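Visitor: First the structure, then my questions, so here it is.
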Amino acid sequence: MDLQHPNFGITEGVEAAPVSEKFINPLPRAVLRPNTYILLDGEWRFELDNDDRGLNEGWHLGHQFQHNAQWPGSVEEHLIQAKGLQKDSPTWHDKVIVWYEREFPLPKRDKSLGHSMFQLTFGACGYETRVWLNGRPLTTVEGEEIHFGEYTSFSYELNEEYLQPVNRLTVRIADSMDADIPRGKQESHVYKRGGIWYQTYTGAVRSVWLEAVERNRLRSRVGVVSHVEDSLVRFNITTRIHDPGQYILRLNVYERDQRSGDPIATSDYPLKLEAGQKMQRVVLEVPDAQLWSPENPALYRLVAQLIDTEGYAAEIEAHFGLRKIEARGRYVYLNNKPIYLDGILYQPGTATYEEMKLHMHAMKELGCNLVRVHIAGVDPRIYNLADELGLLLWVEVPSPHSSTNLSRENHKAELFRMLALLETNPSVVIWSLYNEDWGAQDIATNPETRKYIIDMYHYMHIAYPQFLVVDNDGWQHISYLGRLKSDLLTAHLYTPDLTRWKELLDMLVRGETEGVAAFPLVVGDPFFYRKQIPLIVSEWGGFGFSDYGGPDDLEVRAERIRQFKQELRKRPIAGDIYTQATNIEDERNGLLDIHTGELFVPADILASPKDIE
């Protein structure tokens with residue numbers, strides 16, 4: 001058990017750990033809380049529950065677990081270890097249920113901190129997660145007895161009456177190949193593993209920790225919307241209250257690395273708060289603020305405090321940047337200036353956090369100003385790193401694989417979970433609702449499918465104006481009354497032949513929607529392209545992919561990339577996304593080493609040619 005303590009909470013019986021001058025976030029979170037935490041990673045007891053007997057037999061009340069497993073780690077890895085299988089052996093094909101358990105001692109706290117309580121947080125776990133403390137079921141802060149989703153964090157407030165000197169934590173995780181749940185590119189009952197479909201990777205995939213938090217506090221989520229013309233920032237802050245009453249919300253903004261002195265902007269907001277959870281929108285002026293961009297990733301530090309009538313301040317900290325993204329005419333505008341998106345497709349797969357950090361630096365070295373994180377959730381610290389490096393991010397909801405009412409409900413729930421935690425980072429500029437109509441296969445024929453996507457597009461515009469939104473990336477965009485329900489007209493264009501590549505690009509910029517991509521570019525009402533929306537070739541290349549016909553030799557591949565890129569930049573296109581960053585399973589078309597981040601091709605190969613800019 002690893003106890004760390006930047007500032008507040010657990011104080012006795014543990015030697016103080018040194019705190020670096022510039023705080024480094026050790027947990028998978030984007031917003032920081034200056035408190036104490038105990039990391040519960042490490043060895044847990046583990047058991048496969050093939051016949052789903054654990055609930056009826058009361059394993060949470062006491063069970064002799066047969067195996068051990070390292071948390072974090074995937075269910076697939078733990079099953080292989082428990083069964084003594086080879087790494088590439090199949091582990092499960094329909095549904096899997098596993099249990100984990102460990103003990104932890106009750107930390108001691110400063111007795112003067114009566115305003116505090118313990119909170120248990122899972123960085124990501126699922127798809128279905130149930131948790132018991134000393135045999136008692138826990139309910140998430142959102143009120144869930146079962147947490148659904150495997151890409152974002154969730155927390156439990158612990159009732160101190162149920163805590164003991166030594167506590168037993170039990171976790172049940174269930175997942176299936178159900179095509180109605182958000183799966184991304186993991187195999188399912190619809191898409192079997194092989195080609196572009198990958199092994200499942202689920203379960204205890206990120207850290208779990210115990211921390212001391214205030215009873216009345218700010219949740220670790222901050223929404224940021226910039227009004228760059230007026231140096232104004234709109235913050236969406238979420239309060240969590242157990243003791244209703246009067247509070248002061250205080251926002252202090254500092255330079256990114258400023259650790260002393262007066263804030264450059266500050267304001268107080270009196271609030272009367274009831275018990276429960278509430279989001280509050282406030283606006284603050286940041287005078288003479290620099291704008292965030294890939295060339296100048298200027299960041300500021302926000303310290304937000306919730307102050308009670310006794311003067312006690314519960315605090316969170318986040319960094320943010322002022323930036324504005326627009327799709328206007330045929331250009332994408334960043335901070336009111338046109339920008340060409342030099343992008344790359346990124347599929348992290350089973351990469352570790354340390355490996356993902358190497359990938360981000362390498363993609364920047366390739367000349368990219370944008371990374372499309374392909375239908376997957378990643379460690380939140382990666383979004384923070386993109387902020388610091390000046391990499392724009394295009395994120396996507398992990399897609400279900402079938403189009404049903406249930407799949408749409410699950411898709412919406414996953415979207416909302418991701419949005420709640422991805423509203424802070426200036427690097428996140430584009431969201432895709434669907435990709436290549438996976439989970440929306442009937443988009444051309446089913447009005448219910450199109451209505452759901454249109455409704456989510458409109459919702460995103462109203463609630464999250466800081467993002468561009470793509471309805472269905474690659475093809476089959478929705479037109480309603482002749483208006484595209486997407487901020488970008490995107491196309492996935494694949495050919496290894498340069499002559500055919502030129503033909504496809506010419507067809508695209510002429511506004512032809514049939515015969516360009518694998519399916520028509522637009523469905524629904526007729527849509528007539530007249531340069532009123534930016535064109536993005538959001539997937540191209542694939543060179544090196546098995547049976548594709550592209551070059552395997554790295555030097556030839558690099559030259560082909562240069563030729564294809566030059567043709568893109570000769571035309572009125574707003575951006576492109578090369579496929580892809582790393583090799584992953586059967587897809588052997590990566591440009592960098594997945595373990596070391598070493599480039600296989602020359603640096604800056606994906607940057608726009610200087611003579612065209």
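Starting from 1 in every chain, residues are counted up; chains themselves are A, B, ... following the order of the structure tokens, and ligands are numbered from 1 as listed.
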Range 54-89 of chain A: which residues are helix (DSSP H, G or I) by DSSP, as a PyMOL selection string?
Guide: chain A and resi 54-57+59-61+75-83
Visitor: May I have the residues from that selection written out with N, CA and C atoms, as a PDB file, in the first residue's frame?
Guide:
ATOM      1  N   GLY A  54     -21.154 -16.106  -7.617  1.00  0.00           N
ATOM      2  CA  GLY A  54     -20.628 -15.301  -6.526  1.00  0.00           C
ATOM      3  C   GLY A  54     -21.669 -14.507  -5.765  1.00  0.00           C
ATOM      4  N   LEU A  55     -22.632 -13.903  -6.487  1.00  0.00           N
ATOM      5  CA  LEU A  55     -23.649 -13.107  -5.802  1.00  0.00           C
ATOM      6  C   LEU A  55     -24.540 -13.983  -4.923  1.00  0.00           C
ATOM      7  N   ASN A  56     -25.027 -15.089  -5.485  1.00  0.00           N
ATOM      8  CA  ASN A  56     -25.907 -15.974  -4.713  1.00  0.00           C
ATOM      9  C   ASN A  56     -25.188 -16.608  -3.535  1.00  0.00           C
ATOM     10  N   GLU A  57     -23.901 -16.890  -3.710  1.00  0.00           N
ATOM     11  CA  GLU A  57     -23.131 -17.527  -2.637  1.00  0.00           C
ATOM     12  C   GLU A  57     -22.510 -16.509  -1.682  1.00  0.00           C
ATOM     13  N   TRP A  59     -20.047 -14.091  -2.086  1.00  0.00           N
ATOM     14  CA  TRP A  59     -18.592 -13.983  -2.056  1.00  0.00           C
ATOM     15  C   TRP A  59     -18.140 -12.673  -1.405  1.00  0.00           C
ATOM     16  N   HIS A  60     -18.975 -11.645  -1.486  1.00  0.00           N
ATOM     17  CA  HIS A  60     -18.620 -10.369  -0.864  1.00  0.00           C
ATOM     18  C   HIS A  60     -18.647 -10.453   0.662  1.00  0.00           C
ATOM     19  N   LEU A  61     -19.304 -11.488   1.199  1.00  0.00           N
ATOM     20  CA  LEU A  61     -19.349 -11.682   2.649  1.00  0.00           C
ATOM     21  C   LEU A  61     -18.170 -12.496   3.150  1.00  0.00           C
ATOM     22  N   VAL A  75      -8.652  -7.895 -17.281  1.00  0.00           N
ATOM     23  CA  VAL A  75      -9.226  -9.218 -17.009  1.00  0.00           C
ATOM     24  C   VAL A  75      -8.533 -10.271 -17.858  1.00  0.00           C
ATOM     25  N   GLU A  76      -8.254  -9.918 -19.116  1.00  0.00           N
ATOM     26  CA  GLU A  76      -7.646 -10.880 -20.028  1.00  0.00           C
ATOM     27  C   GLU A  76      -6.279 -11.336 -19.520  1.00  0.00           C
ATOM     28  N   GLU A  77      -5.465 -10.405 -19.060  1.00  0.00           N
ATOM     29  CA  GLU A  77      -4.148 -10.752 -18.503  1.00  0.00           C
ATOM     30  C   GLU A  77      -4.310 -11.634 -17.271  1.00  0.00           C
ATOM     31  N   HIS A  78      -5.262 -11.302 -16.422  1.00  0.00           N
ATOM     32  CA  HIS A  78      -5.432 -12.049 -15.177  1.00  0.00           C
ATOM     33  C   HIS A  78      -5.955 -13.452 -15.428  1.00  0.00           C
ATOM     34  N   LEU A  79      -6.819 -13.618 -16.435  1.00  0.00           N
ATOM     35  CA  LEU A  79      -7.294 -14.958 -16.771  1.00  0.00           C
ATOM     36  C   LEU A  79      -6.169 -15.815 -17.329  1.00  0.00           C
ATOM     37  N   ILE A  80      -5.314 -15.217 -18.159  1.00  0.00           N
ATOM     38  CA  ILE A  80      -4.175 -15.956 -18.704  1.00  0.00           C
ATOM     39  C   ILE A  80      -3.261 -16.426 -17.586  1.00  0.00           C
ATOM     40  N   GLN A  81      -2.979 -15.538 -16.637  1.00  0.00           N
ATOM     41  CA  GLN A  81      -2.109 -15.909 -15.514  1.00  0.00           C
ATOM     42  C   GLN A  81      -2.752 -16.993 -14.649  1.00  0.00           C
ATOM     43  N   ALA A  82      -4.053 -16.863 -14.403  1.00  0.00           N
ATOM     44  CA  ALA A  82      -4.730 -17.831 -13.540  1.00  0.00           C
ATOM     45  C   ALA A  82      -4.803 -19.211 -14.181  1.00  0.00           C
ATOM     46  N   LYS A  83      -4.962 -19.233 -15.515  1.00  0.00           N
ATOM     47  CA  LYS A  83      -5.107 -20.507 -16.208  1.00  0.00           C
ATOM     48  C   LYS A  83      -3.777 -21.061 -16.700  1.00  0.00           C
TER      49      LYS A  83
END
Visitor: Identify, with DSSP run on backbone atoms, the residues in range 70-244 of chain A assigned to strand (DSSP E), and express the list as an MDAnalysis selection string.
Guide: chainID A and resid 70:71 95:105 108:109 116:122 128:133 136:137 147:148 154:158 166:176 208:214 217:227 232:241
Visitor: For each of A:Phe148, A:Trp475, A:Phe545, A:Trp92, take the minimum atom-to-atom distance to Thr582 in chain A, counting only C-alpha atoms, then give the residue where this is smallest.
Guide: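 Closest residue, counting only C-alpha atoms: A:Phe545.
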Visitor: So that each row is one residue of range 281-389 of chain A with an atom at most 8 Å from range 225-244 of chain A, can you give its shortest atom pair and the distance in Å to one decimal, using only C-alpha atoms, rows by chain and rising number, as a tab-separated table?
Guide:
residue	atom	partner	partner_atom	distance
A:Arg281	CA	A:Asn236	CA	4.5
A:Val282	CA	A:Phe235	CA	5.4
A:Val283	CA	A:Arg234	CA	4.3
A:Leu284	CA	A:Val233	CA	5.4
A:Glu285	CA	A:Leu232	CA	4.4
A:Val286	CA	A:Ser231	CA	5.5
A:Pro287	CA	A:Ser231	CA	6.1
A:Asp288	CA	A:Ser231	CA	6.9
A:Ala289	CA	A:Ser231	CA	6.1
A:Leu291	CA	A:Val228	CA	7.4
A:Leu322	CA	A:Ser226	CA	5.3
A:Arg323	CA	A:Ser226	CA	6.0
A:Lys324	CA	A:Ser226	CA	6.5
A:Asn335	CA	A:Val228	CA	7.2
Visitor: For a quick check of understanding, using only C-alpha atoms, which of A:Arg221, A:Arg381, A:Arg408, A:Arg330 has the smallest distance to Leu489 in chain A?
Guide: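 So, comparing all the options, the nearest one is A:Arg330.
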Visitor: Restricting the calculation to only C-alpha atoms, which member of A:Asp487, A:Thr202, A:Gln246, A:Ser546 is positioned closest to Ile584 in chain A?
Guide: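 The answer is A:Ser546, which sits nearest to Ile584 in chain A.
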Visitor: For range 126-139 of chain A, please output as a VMD selection string all residues within 8 Å (counting only C-alpha atoms; exclusion window: fewer than 6 positions along the same chain).
Guide: chain A and resid 60 to 62 145 to 150 156 to 158 162 to 163 167 to 175 202 to 204
Visitor: When you count only C-alpha atoms, which of these residues is closest to Thr490 in chain A: A:Glu448, A:Glu514, A:Asp576, A:Asp525?
Guide: A:Asp576
Visitor: Can you work out which one of A:Trp71, A:Tyr383, A:Trp438, A:Phe122 has the shortest atom-to-atom distance to Arg183 in chain A, counting only C-alpha atoms?
Guide: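 Selected residue with least distance to Arg183 in chain A: A:Trp438.
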